[in-house]
Amino acid sequence: MDKLMMNRNQKIAASFDKAAEFYELHGTLQKKAAFELYGLLPKWLKGLPPGPVLELGCGTGLVSQQLVRELKGFPICLSDLSQAMLLAAQEKIEAQPQVTFEKRDANEPLPSQHYSLILSALALQWLREPAQGVVNFSEALKPGGKLILSFMTDASFSEWKAAALDLGLPFSGNALPAPDQVRSALEACPGTLDWKLVNFKVKFPKTLAFFCNLKAIGAGVRLEESHLNPGQMKRLIQYLDEKNQGGLTMTSQVAFACYQRPA
């Protein structure tokens with residue numbers, strides 16, 4: 001692993017380590033997206049071949065709980081880059097011999113044609129190359145195996161982006177995957193794909209509360225070179241507050257996908 005990637009991973013892990021204790025208290029979007037995925041899992045988990053299951057980026061176990069309930073009898077490995085997140089998930093999920101926990105970087109190679117299922121919920125956006133990542137995941141599936149994903153897309157935070165544009169400021173959030181690129185990467189793999197885009201809206205009393213929330217859930221870590229100085233940040237917050245005097249509603253777009261490799 002090169003030094004740039006190691007530094008990026010260290011930043012992400014440290015940010016989520018700090019956020020683990022109160023992640024679910026502040027993770028309104030994360031809970032909304034998890035509930036949406038809960039509704040899709042009964043259909044998407046049908047017809048899995050026997051074999052190991054891997055969750056990449058399990059976080060505090062929001063989706064893991066449902067996965068363990070749905071897949072009794074499958075060996076399941078729940079993994080995350082953050083040790084603190086893993087511990088939080090471990091506390092939530094009752095100890096079972098078929099469920100293991102592992103600190104793992106989702107960018108690292110996986111064994112070929114090994115998994116019955118790979119699931120990643122709201123973690124793909126943290127990969128260095130998300131579109132290539134899903135191709136790598138698909139190649140790690142057994143024949144008939146499935147890849148289930150949810151991830152934030154680059155259509156998220158439109159209110160923030162519009163305000164920055166109005167003020168002539170750069171958008172200082174982290175880059176998010178373009179859904180069409182990820183979808184095209186999966187469609188280029190042999191197999192079938194089920195796909196859904198959902199816009200979630202979360203309201204905050206003030207703009208500052210939104211930025212504090214990003215930090216509280218670990219997503220405030222800065223991975224891009226573009227950033228605002230304190231004066232620019234103050235202008236952005238004041239502008240958004242003036243435009244949204246009843247509170248700021250922020251939109252996040254989440255893609256949900258189920259890819260199945262040919263049997």
# chains A, B, ... in the order shown; residues from 1 in each chain; ligands from 1
>>> select_by_dssp(residues="stretch 57-242 of chain A", states="strand (DSSP E or B)", output="MDAnalysis selection string")
chainID A and resid 76:80 99:103 115:121 141:152 192:204
>>> residues_around(residues="A:Met233", least_positions_apart="6", cutoff="12 Å", atoms="only C-alpha atoms", output="list in words")
Trp160, Ala163, Ala164, Leu167, Leu169, Pro170, Phe171, Ser172, Thr207, Leu208, Phe211, His227, Tyr239 and Leu240 of chain A
>>> closest_atom_pairs(of="stretch 39-144 of chain A", to="stretch 174-188 of chain A", cutoff="8 Å", atoms="only C-alpha atoms", output="CSV")
residue,atom,partner,partner_atom,distance
A:Gln125,CA,A:Leu176,CA,5.6
A:Pro130,CA,A:Pro177,CA,6.5
A:Ala131,CA,A:Val182,CA,4.7
A:Gln132,CA,A:Ala185,CA,7.3
A:Val134,CA,A:Leu186,CA,6.9
A:Val135,CA,A:Leu186,CA,6.5
A:Ser138,CA,A:Leu186,CA,8.0
>>> residues_around(residues="A:Ser150", least_positions_apart="4", cutoff="7 Å", atoms="only C-alpha atoms", output="list in words")
Ser120, Ala121, Leu122, Val254, Ala255, Phe256 and Ala257 of chain A
>>> residues_around(residues="A:Phe74", least_positions_apart="6", cutoff="8 Å", atoms="only C-alpha atoms", output="ChimeraX atom specification")
/A:50-53,98
>>> residues_around(residues="A:Lys243", least_positions_apart="2", cutoff="12 Å", atoms="only C-alpha atoms", output="count of residues only")
18
>>> residues_around(residues="A:Met85", least_positions_apart="6", cutoff="8 Å", atoms="only C-alpha atoms", output="ChimeraX atom specification")
/A:16-17,20,58-60
>>> write_last_selection(atoms="C-alpha atoms", output="JSON list (two decimals), in the first residue's frame")
[["chain", "number", "residue", "atom", "x", "y", "z"],
["A", 16, "PHE", "CA", -14.71, 6.98, 12.73],
["A", 17, "ASP", "CA", -12.92, 5.75, 15.85],
["A", 20, "ALA", "CA", -18.22, 5.34, 17.16],
["A", 58, "CYS", "CA", -20.06, -2.75, 8.93],
["A", 59, "GLY", "CA", -19.81, 0.34, 11.14],
["A", 60, "THR", "CA", -21.74, -0.05, 14.38]]
>>> closest_residue(among="A:Phe210, A:Tyr259, A:Trp126, A:Trp44", to="A:Gly57", atoms="only C-alpha atoms")
A:Trp126
>>> residues_around(residues="A:Val221", least_positions_apart="2", cutoff="12 Å", atoms="only C-alpha atoms", output="ChimeraX atom specification")
/A:8-19,126,172-175,211-219,223-225,227
>>> atom_distance(atom1="atom CA of A:Trp195", atom2="atom CA of A:His26")
27.5 Å
>>> closest_residue(among="A:Ser82, A:Asn199, A:Gln113, A:Gln90", to="A:Pro49", atoms="only C-alpha atoms")
A:Gln113
>>> atom_distance(atom1="atom CA of A:Lys146", atom2="atom CA of A:Leu48")
7.1 Å
>>> decode(residues="stretch 180-253 of chain A", atoms="C-alpha atoms", output="PDB file, in the first residue's frame")
ATOM      1  CA  ASP A 180     -23.711   6.143 -13.447  1.00  0.00           C
ATOM      2  CA  GLN A 181     -20.028   5.193 -13.246  1.00  0.00           C
ATOM      3  CA  VAL A 182     -20.650   2.567 -10.572  1.00  0.00           C
ATOM      4  CA  ARG A 183     -23.690   1.241 -12.398  1.00  0.00           C
ATOM      5  CA  SER A 184     -21.808   1.046 -15.706  1.00  0.00           C
ATOM      6  CA  ALA A 185     -18.956  -0.811 -14.009  1.00  0.00           C
ATOM      7  CA  LEU A 186     -21.385  -3.413 -12.669  1.00  0.00           C
ATOM      8  CA  GLU A 187     -23.326  -3.665 -15.930  1.00  0.00           C
ATOM      9  CA  ALA A 188     -20.054  -4.424 -17.716  1.00  0.00           C
ATOM     10  CA  CYS A 189     -19.639  -7.496 -15.490  1.00  0.00           C
ATOM     11  CA  PRO A 190     -21.469 -10.654 -16.595  1.00  0.00           C
ATOM     12  CA  GLY A 191     -24.591 -11.151 -14.504  1.00  0.00           C
ATOM     13  CA  THR A 192     -27.734  -9.282 -13.465  1.00  0.00           C
ATOM     14  CA  LEU A 193     -28.237  -5.983 -11.660  1.00  0.00           C
ATOM     15  CA  ASP A 194     -31.093  -4.526  -9.626  1.00  0.00           C
ATOM     16  CA  TRP A 195     -30.714  -0.771  -8.973  1.00  0.00           C
ATOM     17  CA  LYS A 196     -32.540   1.931  -7.036  1.00  0.00           C
ATOM     18  CA  LEU A 197     -31.854   5.614  -6.240  1.00  0.00           C
ATOM     19  CA  VAL A 198     -33.455   7.259  -3.208  1.00  0.00           C
ATOM     20  CA  ASN A 199     -33.261  10.888  -2.054  1.00  0.00           C
ATOM     21  CA  PHE A 200     -33.296  11.300   1.721  1.00  0.00           C
ATOM     22  CA  LYS A 201     -33.909  14.656   3.399  1.00  0.00           C
ATOM     23  CA  VAL A 202     -32.681  15.488   6.887  1.00  0.00           C
ATOM     24  CA  LYS A 203     -33.575  18.770   8.593  1.00  0.00           C
ATOM     25  CA  PHE A 204     -31.216  20.671  10.888  1.00  0.00           C
ATOM     26  CA  PRO A 205     -32.165  23.668  13.066  1.00  0.00           C
ATOM     27  CA  LYS A 206     -29.187  25.671  11.757  1.00  0.00           C
ATOM     28  CA  THR A 207     -26.465  25.230   9.153  1.00  0.00           C
ATOM     29  CA  LEU A 208     -23.809  24.850  11.830  1.00  0.00           C
ATOM     30  CA  ALA A 209     -25.739  21.865  13.196  1.00  0.00           C
ATOM     31  CA  PHE A 210     -25.355  20.136   9.823  1.00  0.00           C
ATOM     32  CA  PHE A 211     -21.583  20.563   9.760  1.00  0.00           C
ATOM     33  CA  CYS A 212     -21.322  19.499  13.411  1.00  0.00           C
ATOM     34  CA  ASN A 213     -23.376  16.422  12.533  1.00  0.00           C
ATOM     35  CA  LEU A 214     -20.939  15.463   9.763  1.00  0.00           C
ATOM     36  CA  LYS A 215     -18.117  15.591  12.282  1.00  0.00           C
ATOM     37  CA  ALA A 216     -20.106  13.693  14.925  1.00  0.00           C
ATOM     38  CA  ILE A 217     -20.659  10.698  12.614  1.00  0.00           C
ATOM     39  CA  GLY A 218     -17.053  10.640  11.384  1.00  0.00           C
ATOM     40  CA  ALA A 219     -17.874  11.969   7.913  1.00  0.00           C
ATOM     41  CA  GLY A 220     -16.306  15.371   8.538  1.00  0.00           C
ATOM     42  CA  VAL A 221     -12.793  14.089   7.823  1.00  0.00           C
ATOM     43  CA  ARG A 222     -11.277  16.118   4.979  1.00  0.00           C
ATOM     44  CA  LEU A 223      -9.800  13.997   2.195  1.00  0.00           C
ATOM     45  CA  GLU A 224      -9.788  16.605  -0.572  1.00  0.00           C
ATOM     46  CA  GLU A 225      -7.404  19.513  -1.080  1.00  0.00           C
ATOM     47  CA  SER A 226     -10.286  21.960  -1.458  1.00  0.00           C
ATOM     48  CA  HIS A 227     -11.221  23.605   1.831  1.00  0.00           C
ATOM     49  CA  LEU A 228     -12.587  26.886   3.130  1.00  0.00           C
ATOM     50  CA  ASN A 229     -10.781  29.285   5.411  1.00  0.00           C
ATOM     51  CA  PRO A 230     -12.670  30.442   8.549  1.00  0.00           C
ATOM     52  CA  GLY A 231     -13.937  33.599   6.840  1.00  0.00           C
ATOM     53  CA  GLN A 232     -15.285  31.689   3.856  1.00  0.00           C
ATOM     54  CA  MET A 233     -16.905  29.108   6.115  1.00  0.00           C
ATOM     55  CA  LYS A 234     -18.601  31.875   8.082  1.00  0.00           C
ATOM     56  CA  ARG A 235     -19.971  33.396   4.846  1.00  0.00           C
ATOM     57  CA  LEU A 236     -21.306  30.021   3.722  1.00  0.00           C
ATOM     58  CA  ILE A 237     -23.037  29.340   7.042  1.00  0.00           C
ATOM     59  CA  GLN A 238     -24.566  32.827   7.197  1.00  0.00           C
ATOM     60  CA  TYR A 239     -25.796  32.550   3.607  1.00  0.00           C
ATOM     61  CA  LEU A 240     -27.445  29.175   4.184  1.00  0.00           C
ATOM     62  CA  ASP A 241     -29.006  30.366   7.445  1.00  0.00           C
ATOM     63  CA  GLU A 242     -30.471  33.435   5.714  1.00  0.00           C
ATOM     64  CA  LYS A 243     -31.909  31.281   2.911  1.00  0.00           C
ATOM     65  CA  ASN A 244     -33.284  28.674   5.323  1.00  0.00           C
ATOM     66  CA  GLN A 245     -34.634  30.590   8.284  1.00  0.00           C
ATOM     67  CA  GLY A 246     -36.918  27.741   9.326  1.00  0.00           C
ATOM     68  CA  GLY A 247     -33.985  25.337   9.412  1.00  0.00           C
ATOM     69  CA  LEU A 248     -31.732  23.751   6.795  1.00  0.00           C
ATOM     70  CA  THR A 249     -32.965  20.661   4.948  1.00  0.00           C
ATOM     71  CA  MET A 250     -30.079  18.757   3.375  1.00  0.00           C
ATOM     72  CA  THR A 251     -30.649  16.191   0.630  1.00  0.00           C
ATOM     73  CA  SER A 252     -28.549  13.053   0.276  1.00  0.00           C
ATOM     74  CA  GLN A 253     -28.937  10.644  -2.629  1.00  0.00           C
TER      75      GLN A 253
END
